[in-house]
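S.K.: Got a file for you: protein00.cif, mmCIF, C-alpha atoms.
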data_start
#
loop_
_atom_site.group_PDB
_atom_site.id
_atom_site.type_symbol
_atom_site.label_atom_id
_atom_site.label_comp_id
_atom_site.auth_asym_id
_atom_site.auth_seq_id
_atom_site.Cartn_x
_atom_site.Cartn_y
_atom_site.Cartn_z
ATOM 1 C CA MET X 1 -90.723 9.025 69.427
ATOM 2 C CA ARG X 2 -90.717 8.022 65.798
ATOM 3 C CA ALA X 3 -88.626 9.696 63.115
ATOM 4 C CA ARG X 4 -89.204 9.625 59.374
ATOM 5 C CA ILE X 5 -86.197 10.654 57.327
ATOM 6 C CA TYR X 6 -86.139 11.323 53.590
ATOM 7 C CA VAL X 7 -82.832 11.319 51.745
ATOM 8 C CA THR X 8 -82.959 12.536 48.157
ATOM 9 C CA LEU X 9 -80.454 13.274 45.435
ATOM 10 C CA LYS X 10 -79.570 16.936 45.064
ATOM 11 C CA ARG X 11 -81.153 18.747 42.123
ATOM 12 C CA SER X 12 -77.736 19.092 40.512
ATOM 13 C CA VAL X 13 -77.151 15.322 40.508
ATOM 14 C CA LEU X 14 -78.595 13.423 37.590
ATOM 15 C CA ASP X 15 -80.997 10.661 38.648
ATOM 16 C CA PRO X 16 -80.949 8.022 35.899
ATOM 17 C CA GLN X 17 -83.172 5.770 37.987
ATOM 18 C CA GLY X 18 -85.831 8.470 38.176
ATOM 19 C CA LYS X 19 -85.493 9.019 34.420
ATOM 20 C CA ALA X 20 -85.998 5.327 33.675
ATOM 21 C CA VAL X 21 -89.069 5.151 35.925
ATOM 22 C CA GLU X 22 -90.459 8.281 34.286
ATOM 23 C CA GLN X 23 -90.093 6.701 30.842
ATOM 24 C CA SER X 24 -91.803 3.535 32.036
ATOM 25 C CA LEU X 25 -94.685 5.549 33.460
ATOM 26 C CA HIS X 26 -95.005 7.367 30.147
ATOM 27 C CA SER X 27 -95.151 4.100 28.259
ATOM 28 C CA LEU X 28 -97.908 2.951 30.625
ATOM 29 C CA GLY X 29 -99.908 5.999 29.618
ATOM 30 C CA PHE X 30 -99.149 8.240 32.606
ATOM 31 C CA CYS X 31 -98.076 10.993 30.259
ATOM 32 C CA GLU X 32 -98.603 13.786 32.768
ATOM 33 C CA VAL X 33 -95.607 12.587 34.816
ATOM 34 C CA ARG X 34 -92.565 14.857 34.900
ATOM 35 C CA ASP X 35 -89.337 15.029 36.853
ATOM 36 C CA VAL X 36 -89.337 11.717 38.736
ATOM 37 C CA ARG X 37 -86.711 11.622 41.474
ATOM 38 C CA ILE X 38 -85.992 8.546 43.560
ATOM 39 C CA GLY X 39 -84.761 8.737 47.128
ATOM 40 C CA LYS X 40 -84.557 6.814 50.353
ATOM 41 C CA TYR X 41 -86.982 6.670 53.229
ATOM 42 C CA ILE X 42 -85.700 5.750 56.681
ATOM 43 C CA GLU X 43 -87.829 5.182 59.769
ATOM 44 C CA MET X 44 -86.567 4.854 63.292
ATOM 45 C CA GLU X 45 -87.661 4.794 66.897
ATOM 46 C CA LEU X 46 -85.853 7.191 69.240
ATOM 47 C CA GLN X 47 -85.764 6.725 72.981
ATOM 48 C CA SER X 48 -86.125 10.361 73.852
ATOM 49 C CA ASP X 49 -88.866 12.683 75.113
ATOM 50 C CA ASP X 50 -87.135 15.884 74.128
ATOM 51 C CA ALA X 51 -88.146 16.795 70.570
ATOM 52 C CA GLU X 52 -85.511 19.511 70.243
ATOM 53 C CA GLN X 53 -82.763 17.198 71.320
ATOM 54 C CA ALA X 54 -84.090 14.459 69.021
ATOM 55 C CA ARG X 55 -83.953 16.895 66.088
ATOM 56 C CA ALA X 56 -80.378 17.753 66.828
ATOM 57 C CA ARG X 57 -79.481 14.066 67.092
ATOM 58 C CA ILE X 58 -81.157 13.235 63.758
ATOM 59 C CA GLU X 59 -79.396 16.167 62.098
ATOM 60 C CA ALA X 60 -76.101 14.713 63.303
ATOM 61 C CA MET X 61 -77.029 11.221 62.076
ATOM 62 C CA CYS X 62 -77.891 12.582 58.649
ATOM 63 C CA ARG X 63 -74.686 14.553 58.395
ATOM 64 C CA GLN X 64 -72.439 11.742 59.600
ATOM 65 C CA LEU X 65 -73.976 8.696 57.977
ATOM 66 C CA LEU X 66 -77.492 8.693 56.568
ATOM 67 C CA ALA X 67 -76.883 11.220 53.780
ATOM 68 C CA ASN X 68 -73.806 12.044 51.726
ATOM 69 C CA ALA X 69 -73.729 15.835 51.525
ATOM 70 C CA VAL X 70 -71.826 15.683 48.237
ATOM 71 C CA ILE X 71 -74.799 14.228 46.383
ATOM 72 C CA GLU X 72 -77.771 14.141 48.723
ATOM 73 C CA GLU X 73 -79.993 16.318 50.871
ATOM 74 C CA TYR X 74 -82.311 15.245 53.674
ATOM 75 C CA ARG X 75 -85.384 16.275 55.578
ATOM 76 C CA PHE X 76 -87.205 14.580 58.411
ATOM 77 C CA GLU X 77 -90.208 14.715 60.668
ATOM 78 C CA ILE X 78 -90.665 13.368 64.161
ATOM 79 C CA GLN X 79 -93.800 12.244 65.922
ATOM 80 C CA PRO X 80 -94.230 11.656 69.646
ATOM 81 C CA MET F 1 -38.833 -5.301 49.799
ATOM 82 C CA THR F 2 -41.859 -3.013 49.902
ATOM 83 C CA ARG F 3 -44.718 -3.805 52.302
ATOM 84 C CA TRP F 4 -48.314 -3.537 51.110
ATOM 85 C CA GLY F 5 -51.337 -3.676 53.381
ATOM 86 C CA VAL F 6 -54.411 -5.098 51.664
ATOM 87 C CA VAL F 7 -57.587 -4.415 53.616
ATOM 88 C CA THR F 8 -60.408 -6.940 53.764
ATOM 89 C CA PHE F 9 -63.835 -5.608 54.701
ATOM 90 C CA PRO F 10 -66.792 -7.982 55.000
ATOM 91 C CA GLY F 11 -67.866 -8.142 51.360
ATOM 92 C CA SER F 12 -64.515 -7.272 49.791
ATOM 93 C CA ASN F 13 -63.876 -9.613 46.881
ATOM 94 C CA ASP F 14 -60.831 -8.257 45.085
ATOM 95 C CA ASP F 15 -58.521 -8.329 48.101
ATOM 96 C CA GLN F 16 -57.063 -11.695 47.088
ATOM 97 C CA ASP F 17 -56.570 -10.520 43.506
ATOM 98 C CA ALA F 18 -54.683 -7.479 44.743
ATOM 99 C CA ALA F 19 -52.593 -9.663 47.060
ATOM 100 C CA HIS F 20 -51.867 -12.053 44.170
ATOM 101 C CA ALA F 21 -50.765 -9.221 41.901
ATOM 102 C CA ILE F 22 -48.504 -7.713 44.548
ATOM 103 C CA GLU F 23 -47.025 -10.916 45.951
ATOM 104 C CA GLN F 24 -47.002 -13.404 43.074
ATOM 105 C CA VAL F 25 -46.572 -11.121 40.086
ATOM 106 C CA LEU F 26 -44.626 -8.244 41.588
ATOM 107 C CA GLY F 27 -42.753 -10.227 44.258
ATOM 108 C CA GLU F 28 -43.408 -7.711 47.030
ATOM 109 C CA LYS F 29 -44.634 -8.349 50.583
ATOM 110 C CA VAL F 30 -48.371 -8.348 51.383
ATOM 111 C CA VAL F 31 -49.687 -7.767 54.898
ATOM 112 C CA PRO F 32 -53.355 -8.775 55.108
ATOM 113 C CA LEU F 33 -55.333 -6.224 57.137
ATOM 114 C CA TRP F 34 -58.730 -7.133 58.601
ATOM 115 C CA HIS F 35 -61.392 -4.438 58.938
ATOM 116 C CA LYS F 36 -61.307 -4.795 62.726
ATOM 117 C CA ASP F 37 -57.532 -4.280 62.902
ATOM 118 C CA ARG F 38 -56.094 -0.937 63.948
ATOM 119 C CA ASP F 39 -52.411 -1.656 63.431
ATOM 120 C CA LEU F 40 -51.156 -1.060 59.889
ATOM 121 C CA GLN F 41 -47.974 -2.991 60.774
ATOM 122 C CA GLY F 42 -45.619 -0.539 59.181
ATOM 123 C CA VAL F 43 -46.837 -0.960 55.601
ATOM 124 C CA ASP F 44 -45.628 1.398 52.875
ATOM 125 C CA CYS F 45 -48.892 1.431 50.951
ATOM 126 C CA VAL F 46 -52.492 0.503 51.772
ATOM 127 C CA VAL F 47 -54.835 -0.973 49.167
ATOM 128 C CA LEU F 48 -58.587 -0.565 49.681
ATOM 129 C CA PRO F 49 -59.843 -3.276 47.343
ATOM 130 C CA GLY F 50 -62.920 -3.730 45.212
ATOM 131 C CA GLY F 51 -66.031 -5.585 46.252
ATOM 132 C CA PHE F 52 -69.218 -4.848 48.094
ATOM 133 C CA SER F 53 -68.069 -3.861 51.568
ATOM 134 C CA TYR F 54 -70.861 -4.268 54.107
ATOM 135 C CA GLY F 55 -73.168 -5.300 51.274
ATOM 136 C CA ASP F 56 -73.113 -1.751 49.853
ATOM 137 C CA TYR F 57 -75.800 -0.988 52.445
ATOM 138 C CA LEU F 58 -77.063 2.603 52.575
ATOM 139 C CA ARG F 59 -74.489 3.810 50.004
ATOM 140 C CA CYS F 60 -71.461 2.090 48.489
ATOM 141 C CA GLY F 61 -68.574 2.546 50.907
ATOM 142 C CA ALA F 62 -70.655 4.327 53.544
ATOM 143 C CA MET F 63 -70.350 1.704 56.267
ATOM 144 C CA ALA F 64 -66.751 0.643 55.605
ATOM 145 C CA ARG F 65 -65.685 4.143 56.485
ATOM 146 C CA PHE F 66 -66.591 3.499 60.131
ATOM 147 C CA SER F 67 -64.584 0.294 60.504
ATOM 148 C CA PRO F 68 -61.649 0.409 62.955
ATOM 149 C CA ILE F 69 -59.056 -0.068 60.191
ATOM 150 C CA MET F 70 -60.284 3.052 58.392
ATOM 151 C CA GLU F 71 -59.418 5.268 61.352
ATOM 152 C CA SER F 72 -55.829 4.101 60.985
ATOM 153 C CA VAL F 73 -55.907 4.380 57.192
ATOM 154 C CA VAL F 74 -57.213 7.957 57.367
ATOM 155 C CA ARG F 75 -54.489 8.889 59.869
ATOM 156 C CA PHE F 76 -51.885 7.161 57.667
ATOM 157 C CA ALA F 77 -53.120 9.059 54.596
ATOM 158 C CA HIS F 78 -53.084 12.402 56.407
ATOM 159 C CA ALA F 79 -49.480 11.724 57.399
ATOM 160 C CA GLY F 80 -48.593 11.262 53.718
ATOM 161 C CA GLY F 81 -48.906 7.465 53.530
ATOM 162 C CA LEU F 82 -49.734 5.964 50.145
ATOM 163 C CA VAL F 83 -53.296 4.697 49.723
ATOM 164 C CA ILE F 84 -54.913 3.204 46.621
ATOM 165 C CA GLY F 85 -58.683 2.797 46.560
ATOM 166 C CA ILE F 86 -59.840 0.600 43.708
ATOM 167 C CA CYS F 87 -63.518 0.456 42.694
ATOM 168 C CA ASN F 88 -65.349 -0.079 46.007
ATOM 169 C CA GLY F 89 -62.128 1.164 47.634
ATOM 170 C CA PHE F 90 -62.513 4.422 45.659
ATOM 171 C CA GLN F 91 -66.079 4.703 46.992
ATOM 172 C CA VAL F 92 -64.803 4.047 50.526
ATOM 173 C CA ALA F 93 -62.068 6.695 50.137
ATOM 174 C CA CYS F 94 -64.643 9.265 48.985
ATOM 175 C CA GLU F 95 -67.027 8.442 51.825
ATOM 176 C CA ALA F 96 -64.139 8.685 54.287
ATOM 177 C CA GLY F 97 -63.320 12.160 53.004
ATOM 178 C CA LEU F 98 -59.890 11.152 51.679
ATOM 179 C CA LEU F 99 -60.980 12.138 48.184
ATOM 180 C CA PRO F 100 -63.562 14.683 47.013
ATOM 181 C CA GLY F 101 -66.762 13.882 45.136
ATOM 182 C CA ALA F 102 -68.838 10.724 45.047
ATOM 183 C CA LEU F 103 -69.601 7.730 42.849
ATOM 184 C CA VAL F 104 -73.218 7.277 41.857
ATOM 185 C CA ARG F 105 -75.220 4.873 39.729
ATOM 186 C CA ASN F 106 -73.956 4.461 36.183
ATOM 187 C CA ARG F 107 -75.818 6.713 33.828
ATOM 188 C CA SER F 108 -76.901 3.679 31.781
ATOM 189 C CA LEU F 109 -78.316 2.105 34.980
ATOM 190 C CA ARG F 110 -76.457 -1.022 33.930
ATOM 191 C CA PHE F 111 -73.692 -2.843 35.695
ATOM 192 C CA VAL F 112 -70.747 -2.606 33.309
ATOM 193 C CA CYS F 113 -68.135 -5.339 33.072
ATOM 194 C CA ALA F 114 -65.678 -4.592 30.274
ATOM 195 C CA ASP F 115 -62.132 -3.741 29.374
ATOM 196 C CA VAL F 116 -61.852 0.017 28.967
ATOM 197 C CA ARG F 117 -59.164 2.401 27.786
ATOM 198 C CA VAL F 118 -57.911 4.919 30.262
ATOM 199 C CA ARG F 119 -55.501 7.695 29.433
ATOM 200 C CA VAL F 120 -52.761 8.534 31.908
ATOM 201 C CA GLU F 121 -53.150 12.281 32.458
ATOM 202 C CA GLN F 122 -50.386 12.912 34.990
ATOM 203 C CA THR F 123 -47.177 11.064 35.711
ATOM 204 C CA ASP F 124 -45.865 13.082 38.658
ATOM 205 C CA THR F 125 -47.615 10.858 41.180
ATOM 206 C CA PRO F 126 -46.406 7.841 43.154
ATOM 207 C CA PHE F 127 -48.915 5.783 41.167
ATOM 208 C CA THR F 128 -48.012 6.694 37.601
ATOM 209 C CA ASN F 129 -44.286 7.504 37.580
ATOM 210 C CA GLN F 130 -43.627 4.471 35.338
ATOM 211 C CA CYS F 131 -46.153 5.659 32.735
ATOM 212 C CA ASN F 132 -45.882 8.241 29.988
ATOM 213 C CA THR F 133 -48.225 11.208 29.862
ATOM 214 C CA GLY F 134 -51.039 10.429 27.441
ATOM 215 C CA GLU F 135 -50.289 6.720 27.512
ATOM 216 C CA ILE F 136 -53.401 4.585 27.131
ATOM 217 C CA LEU F 137 -53.870 1.619 29.431
ATOM 218 C CA THR F 138 -56.343 -1.207 28.949
ATOM 219 C CA LEU F 139 -57.917 -2.046 32.297
ATOM 220 C CA PRO F 140 -61.137 -3.813 33.258
ATOM 221 C CA ILE F 141 -64.032 -2.180 35.047
ATOM 222 C CA LYS F 142 -66.898 -3.987 36.761
ATOM 223 C CA HIS F 143 -69.290 -1.761 38.633
ATOM 224 C CA GLY F 144 -72.861 -0.514 38.836
ATOM 225 C CA GLN F 145 -72.043 2.737 40.617
ATOM 226 C CA GLY F 146 -68.922 4.217 39.105
ATOM 227 C CA CYS F 147 -70.216 7.492 37.763
ATOM 228 C CA TYR F 148 -67.967 10.132 39.291
ATOM 229 C CA VAL F 149 -69.724 13.333 40.346
ATOM 230 C CA ALA F 150 -68.545 16.457 42.133
ATOM 231 C CA ASP F 151 -69.741 20.043 42.310
ATOM 232 C CA ALA F 152 -68.432 22.571 39.795
ATOM 233 C CA ALA F 153 -65.887 24.105 42.185
ATOM 234 C CA THR F 154 -64.422 20.698 43.099
ATOM 235 C CA LEU F 155 -64.243 19.669 39.482
ATOM 236 C CA ARG F 156 -62.476 22.894 38.561
ATOM 237 C CA ALA F 157 -59.978 22.435 41.400
ATOM 238 C CA LEU F 158 -59.286 18.839 40.333
ATOM 239 C CA GLU F 159 -58.527 19.963 36.789
ATOM 240 C CA GLU F 160 -56.508 23.032 37.745
ATOM 241 C CA GLU F 161 -54.417 21.146 40.277
ATOM 242 C CA ARG F 162 -53.865 18.325 37.752
ATOM 243 C CA ARG F 163 -55.439 15.797 40.057
ATOM 244 C CA VAL F 164 -57.351 13.874 37.406
ATOM 245 C CA ILE F 165 -54.928 11.001 36.865
ATOM 246 C CA PHE F 166 -56.911 8.657 34.625
ATOM 247 C CA ARG F 167 -59.600 9.492 32.085
ATOM 248 C CA TYR F 168 -61.792 7.164 30.044
ATOM 249 C CA VAL F 169 -61.121 7.559 26.338
ATOM 250 C CA ASP F 170 -62.500 6.204 23.074
ATOM 251 C CA PRO F 171 -60.473 4.047 20.660
ATOM 252 C CA SER F 172 -58.947 7.182 19.149
ATOM 253 C CA GLY F 173 -57.695 8.260 22.573
ATOM 254 C CA ARG F 174 -60.129 11.140 23.082
ATOM 255 C CA ALA F 175 -62.224 11.693 26.179
ATOM 256 C CA THR F 176 -65.599 11.540 24.460
ATOM 257 C CA ALA F 177 -69.044 10.406 25.602
ATOM 258 C CA GLN F 178 -68.518 7.285 23.511
ATOM 259 C CA GLY F 179 -65.440 6.395 25.521
ATOM 260 C CA ASN F 180 -67.179 7.022 28.840
ATOM 261 C CA PRO F 181 -68.581 3.760 30.222
ATOM 262 C CA ASN F 182 -70.513 5.125 33.198
ATOM 263 C CA GLY F 183 -71.253 8.811 32.659
ATOM 264 C CA SER F 184 -68.478 10.128 34.912
ATOM 265 C CA MET F 185 -68.046 13.903 34.827
ATOM 266 C CA ASN F 186 -65.116 14.938 32.621
ATOM 267 C CA ASN F 187 -64.626 11.209 31.853
ATOM 268 C CA ILE F 188 -62.898 10.843 35.219
ATOM 269 C CA ALA F 189 -61.643 7.323 35.952
ATOM 270 C CA GLY F 190 -59.183 8.159 38.733
ATOM 271 C CA ILE F 191 -58.146 11.100 40.908
ATOM 272 C CA VAL F 192 -55.647 11.909 43.637
ATOM 273 C CA ASN F 193 -55.975 14.039 46.773
ATOM 274 C CA ALA F 194 -54.236 17.402 47.078
ATOM 275 C CA GLY F 195 -51.193 15.729 48.667
ATOM 276 C CA ARG F 196 -51.024 13.313 45.698
ATOM 277 C CA ASN F 197 -50.591 10.350 48.073
ATOM 278 C CA VAL F 198 -54.143 8.963 47.861
ATOM 279 C CA LEU F 199 -55.408 7.563 44.563
ATOM 280 C CA GLY F 200 -58.970 6.488 43.840
ATOM 281 C CA MET F 201 -59.846 4.737 40.588
ATOM 282 C CA MET F 202 -62.743 2.676 39.272
ATOM 283 C CA PRO F 203 -60.741 0.508 36.804
ATOM 284 C CA HIS F 204 -58.955 -2.519 38.266
ATOM 285 C CA PRO F 205 -55.169 -2.516 37.787
ATOM 286 C CA GLU F 206 -54.897 -5.694 39.902
ATOM 287 C CA HIS F 207 -56.952 -7.624 37.326
ATOM 288 C CA ALA F 208 -54.548 -6.597 34.571
ATOM 289 C CA THR F 209 -51.140 -7.718 35.753
ATOM 290 C CA GLU F 210 -50.516 -10.778 33.591
ATOM 291 C CA LYS F 211 -50.770 -11.286 29.846
ATOM 292 C CA MET F 212 -53.008 -14.319 30.348
ATOM 293 C CA LEU F 213 -55.568 -12.033 31.999
ATOM 294 C CA GLY F 214 -55.827 -10.023 28.791
ATOM 295 C CA SER F 215 -53.664 -7.093 29.826
ATOM 296 C CA SER F 216 -50.678 -6.455 32.044
ATOM 297 C CA ASP F 217 -51.022 -2.671 31.892
ATOM 298 C CA GLY F 218 -52.044 -2.536 35.553
ATOM 299 C CA LEU F 219 -48.539 -3.592 36.553
ATOM 300 C CA LYS F 220 -47.250 -0.128 35.668
ATOM 301 C CA LEU F 221 -49.269 1.304 38.510
ATOM 302 C CA PHE F 222 -47.903 -1.180 41.049
ATOM 303 C CA ARG F 223 -44.354 -0.736 39.740
ATOM 304 C CA SER F 224 -44.742 3.023 40.066
ATOM 305 C CA VAL F 225 -45.612 2.636 43.730
ATOM 306 C CA VAL F 226 -42.626 0.353 44.332
ATOM 307 C CA GLN F 227 -40.416 2.961 42.664
ATOM 308 C CA ALA F 228 -41.938 5.756 44.760
ATOM 309 C CA ILE F 229 -41.428 3.818 47.994
ATOM 310 C CA ARG F 230 -37.806 2.984 47.132
ATOM 311 C CA SER F 231 -36.893 6.527 46.191
ATOM 312 C CA GLY F 232 -38.655 7.779 49.340
ATOM 313 C CA ARG F 233 -36.522 5.410 51.402
ATOM 314 C CA ALA F 234 -33.365 6.478 49.597
ATOM 315 C CA GLU F 235 -34.123 10.112 50.394
ATOM 316 C CA ARG F 236 -34.661 9.336 54.050
ATOM 317 C CA ALA F 237 -31.584 7.138 54.378
ATOM 318 C CA PRO F 238 -28.646 8.812 56.142
ATOM 319 C CA ALA F 239 -26.091 10.145 53.714
ATOM 320 C CA VAL F 240 -22.870 8.135 53.625
ATOM 321 C CA PRO F 241 -19.902 10.385 54.379
ATOM 322 C CA PRO F 242 -17.352 10.597 51.556
ATOM 323 C CA GLY F 243 -14.529 8.081 51.805
ATOM 324 C CA HIS F 244 -16.666 5.387 53.436
#
Show this structure as structure tokens.

M.R.:
Amino acid sequence: MRARIYVTLKRSVLDPQGKAVEQSLHSLGFCEVRDVRIGKYIEMELQSDDAEQARARIEAMCRQLLANAVIEEYRFEIQP
Amino acid sequence: MTRWGVVTFPGSNDDQDAAHAIEQVLGEKVVPLWHKDRDLQGVDCVVLPGGFSYGDYLRCGAMARFSPIMESVVRFAHAGGLVIGICNGFQVACEAGLLPGALVRNRSLRFVCADVRVRVEQTDTPFTNQCNTGEILTLPIKHGQGCYVADAATLRALEEERRVIFRYVDPSGRATAQGNPNGSMNNIAGIVNAGRNVLGMMPHPEHATEKMLGSSDGLKLFRSVVQAIRSGRAERAPAVPPGH
């Protein structure tokens, strides 16, 4: 199955990159844009047929490596 | 002579500078440690150097943490061994859980390469015992992700337990926004763990050990460690009975 994982900065952590992109969008005329946040997108193939087990494994991957709990949060979806 | 282990990860680039400072300038013994090693060879202090370990993939320091040498370094640190993480080494130490908080992109979004002033906040550490409280050191920084962040509780604990060791200051010696090169919370440039045996700092003391490099202020840090190791050895040495 295929997993899609999104790692984003916590709300409490300032995202200067998002701020800079927001300003650039404003200067391009996209004035309706607010609160741009930039994160990471990770895709992977899992050799598993058990969705529950796959979820638990991805949780563990996120906690141990893919996200840093001090500054980031994560969410993911899996597809058969 | 004191023995210093300098770790080289793939992508480290300040390991040789640290070795030069320790061996050539200080005259102490350097033991090169490769990231695949597990044996710390009885060193007194481990230096996690600056650079771009594992290409800074995923997050700065995130991959280095899983190298074989880091298992030994973490065990060494938990047993009270002295560890200095400089720049990328600070990021590695945070990722490895040796120090709290994290280092994120500079608030300016720019890579900053400059000499900065850092104020020595505490001198009762193995890393600053040769400094005076409030003393201002000129040290270089060179990083894109050196903005120190931590949650409010961690930050409060760091301040209350006097674990902020170095703070960025302006020319008048005050910790202002003007003196803060990367947006670090509370102008933090360096912290220690609760045991005060692990130091993480973004400025580079190893690049400031000779006058011809612009500053030799970094030497005080290395000399402090030598002093700490020697006095530790003296304490452990068997007492000589009177009359002998």

S.K.: Can you list what the PyMOL selection byres ((chain X) within 10 of (chain F)) grabs from this structure, as a PyMOL selection string?

M.R.: chain X and resi 12-17+19-20+40+64-71

S.K.: Which residue is closest to Arg230 of chain F? Choose from F:Ile165, F:Ser12, F:Asp44, F:Thr209 and count only C-alpha atoms.

M.R.: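 The answer is F:Asp44, which sits nearest to Arg230 of chain F.
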
S.K.: May I have the residues within 7 Å of Gln79 of chain X as a list in words, using only C-alpha atoms and disregarding those fewer than 3 positions away in the same chain?

M.R.: Met1, Arg2 and Ala3 of chain X

S.K.: Expand the PyMOL selection byres ((chain F and resi 80-90) around 7) into the individual residues it matches in the shown file, reporting them as a PyMOL selection string.

M.R.: chain F and resi 44-52+60-61+76-79+91-94+197-204

S.K.: List the residues matched by the PyMOL selection byres ((chain F and resi 43) around 6) in the displayed structure as an MDAnalysis selection string, ordered by chain and then by residue number.

M.R.: chainID F and resid 3:5 41:42 44:45

S.K.: From (-49.5, -14.0, 49.0), in the file's coordinates, out to 9 Å: which residues are reached, counting only C-alpha atoms? Answer as a list in words.

M.R.: Gln16, Ala19, His20, Ala21, Ile22, Glu23, Gln24, Glu28, Lys29, Val30, Val31 and Pro32 of chain F

S.K.: Using only C-alpha atoms, find the one residue out of X:Ala60, X:Ile78, X:Arg55, X:Ile42 that sits nearest to Ile5 of chain X.

M.R.: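 Of X:Ala60, X:Ile78, X:Arg55, X:Ile42, the one nearest Ile5 of chain X is X:Ile42, counting only C-alpha atoms.
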
S.K.: For atom CA of Thr128 of chain F and atom CA of Val6 of chain F, quote the distance in Å rounded to one decimal.

M.R.: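 It comes out at 19.4 Å.
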
S.K.: Report, as AutoDock Vina command-line options, the centre and edge lengths in Å (one decimal) of the axis-aligned box enclosing every listed atom of segment 128-144 of chain F, padded by 5 Å on each side.

M.R.:
--center_x -58.2 --center_y 3.6 --center_z 33.0 --size_x 39.2 --size_y 25.2 --size_z 21.7

S.K.: Measure the distance from atom CA of Leu221 of chain F to atom CA of Gln122 of chain F in Å and round it to one decimal.

M.R.: 12.2 Å

S.K.: Can you give me N, CA and C atoms for segment 121-139 of chain F, written as a JSON list (two decimals), in the coordinates of the input?

M.R.:
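Ended up saving to out26.json:
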[["chain", "number", "residue", "atom", "x", "y", "z"],
["F", 121, "GLU", "N", -53.18, 10.83, 32.61],
["F", 121, "GLU", "CA", -53.15, 12.28, 32.46],
["F", 121, "GLU", "C", -51.94, 12.92, 33.13],
["F", 122, "GLN", "N", -51.49, 12.32, 34.23],
["F", 122, "GLN", "CA", -50.39, 12.91, 34.99],
["F", 122, "GLN", "C", -49.43, 11.80, 35.40],
["F", 123, "THR", "N", -48.16, 12.09, 35.35],
["F", 123, "THR", "CA", -47.18, 11.06, 35.71],
["F", 123, "THR", "C", -46.36, 11.46, 36.94],
["F", 124, "ASP", "N", -46.62, 12.68, 37.47],
["F", 124, "ASP", "CA", -45.86, 13.08, 38.66],
["F", 124, "ASP", "C", -46.60, 12.67, 39.92],
["F", 125, "THR", "N", -46.97, 11.39, 39.98],
["F", 125, "THR", "CA", -47.62, 10.86, 41.18],
["F", 125, "THR", "C", -46.91, 9.55, 41.52],
["F", 126, "PRO", "N", -47.03, 9.12, 42.77],
["F", 126, "PRO", "CA", -46.41, 7.84, 43.15],
["F", 126, "PRO", "C", -47.04, 6.65, 42.43],
["F", 127, "PHE", "N", -48.16, 6.88, 41.76],
["F", 127, "PHE", "CA", -48.92, 5.78, 41.17],
["F", 127, "PHE", "C", -48.71, 5.67, 39.66],
["F", 128, "THR", "N", -48.12, 6.70, 39.07],
["F", 128, "THR", "CA", -48.01, 6.69, 37.60],
["F", 128, "THR", "C", -46.61, 7.09, 37.11],
["F", 129, "ASN", "N", -45.62, 7.04, 38.00],
["F", 129, "ASN", "CA", -44.29, 7.50, 37.58],
["F", 129, "ASN", "C", -43.63, 6.58, 36.54],
["F", 130, "GLN", "N", -44.17, 5.38, 36.36],
["F", 130, "GLN", "CA", -43.63, 4.47, 35.34],
["F", 130, "GLN", "C", -44.44, 4.55, 34.03],
["F", 131, "CYS", "N", -45.34, 5.49, 33.95],
["F", 131, "CYS", "CA", -46.15, 5.66, 32.74],
["F", 131, "CYS", "C", -45.68, 6.91, 31.99],
["F", 132, "ASN", "N", -46.12, 7.02, 30.75],
["F", 132, "ASN", "CA", -45.88, 8.24, 29.99],
["F", 132, "ASN", "C", -47.18, 9.04, 29.97],
["F", 133, "THR", "N", -47.04, 10.36, 29.94],
["F", 133, "THR", "CA", -48.22, 11.21, 29.86],
["F", 133, "THR", "C", -48.95, 10.90, 28.55],
["F", 134, "GLY", "N", -50.26, 10.71, 28.64],
["F", 134, "GLY", "CA", -51.04, 10.43, 27.44],
["F", 134, "GLY", "C", -51.08, 8.97, 27.06],
["F", 135, "GLU", "N", -50.30, 8.16, 27.78],
["F", 135, "GLU", "CA", -50.29, 6.72, 27.51],
["F", 135, "GLU", "C", -51.68, 6.14, 27.77],
["F", 136, "ILE", "N", -52.08, 5.18, 26.94],
["F", 136, "ILE", "CA", -53.40, 4.58, 27.13],
["F", 136, "ILE", "C", -53.26, 3.17, 27.67],
["F", 137, "LEU", "N", -53.92, 2.93, 28.79],
["F", 137, "LEU", "CA", -53.87, 1.62, 29.43],
["F", 137, "LEU", "C", -55.20, 0.91, 29.20],
["F", 138, "THR", "N", -55.12, -0.41, 29.02],
["F", 138, "THR", "CA", -56.34, -1.21, 28.95],
["F", 138, "THR", "C", -56.54, -1.88, 30.30],
["F", 139, "LEU", "N", -57.63, -1.52, 30.96],
["F", 139, "LEU", "CA", -57.92, -2.05, 32.30],
["F", 139, "LEU", "C", -59.39, -2.43, 32.37]]
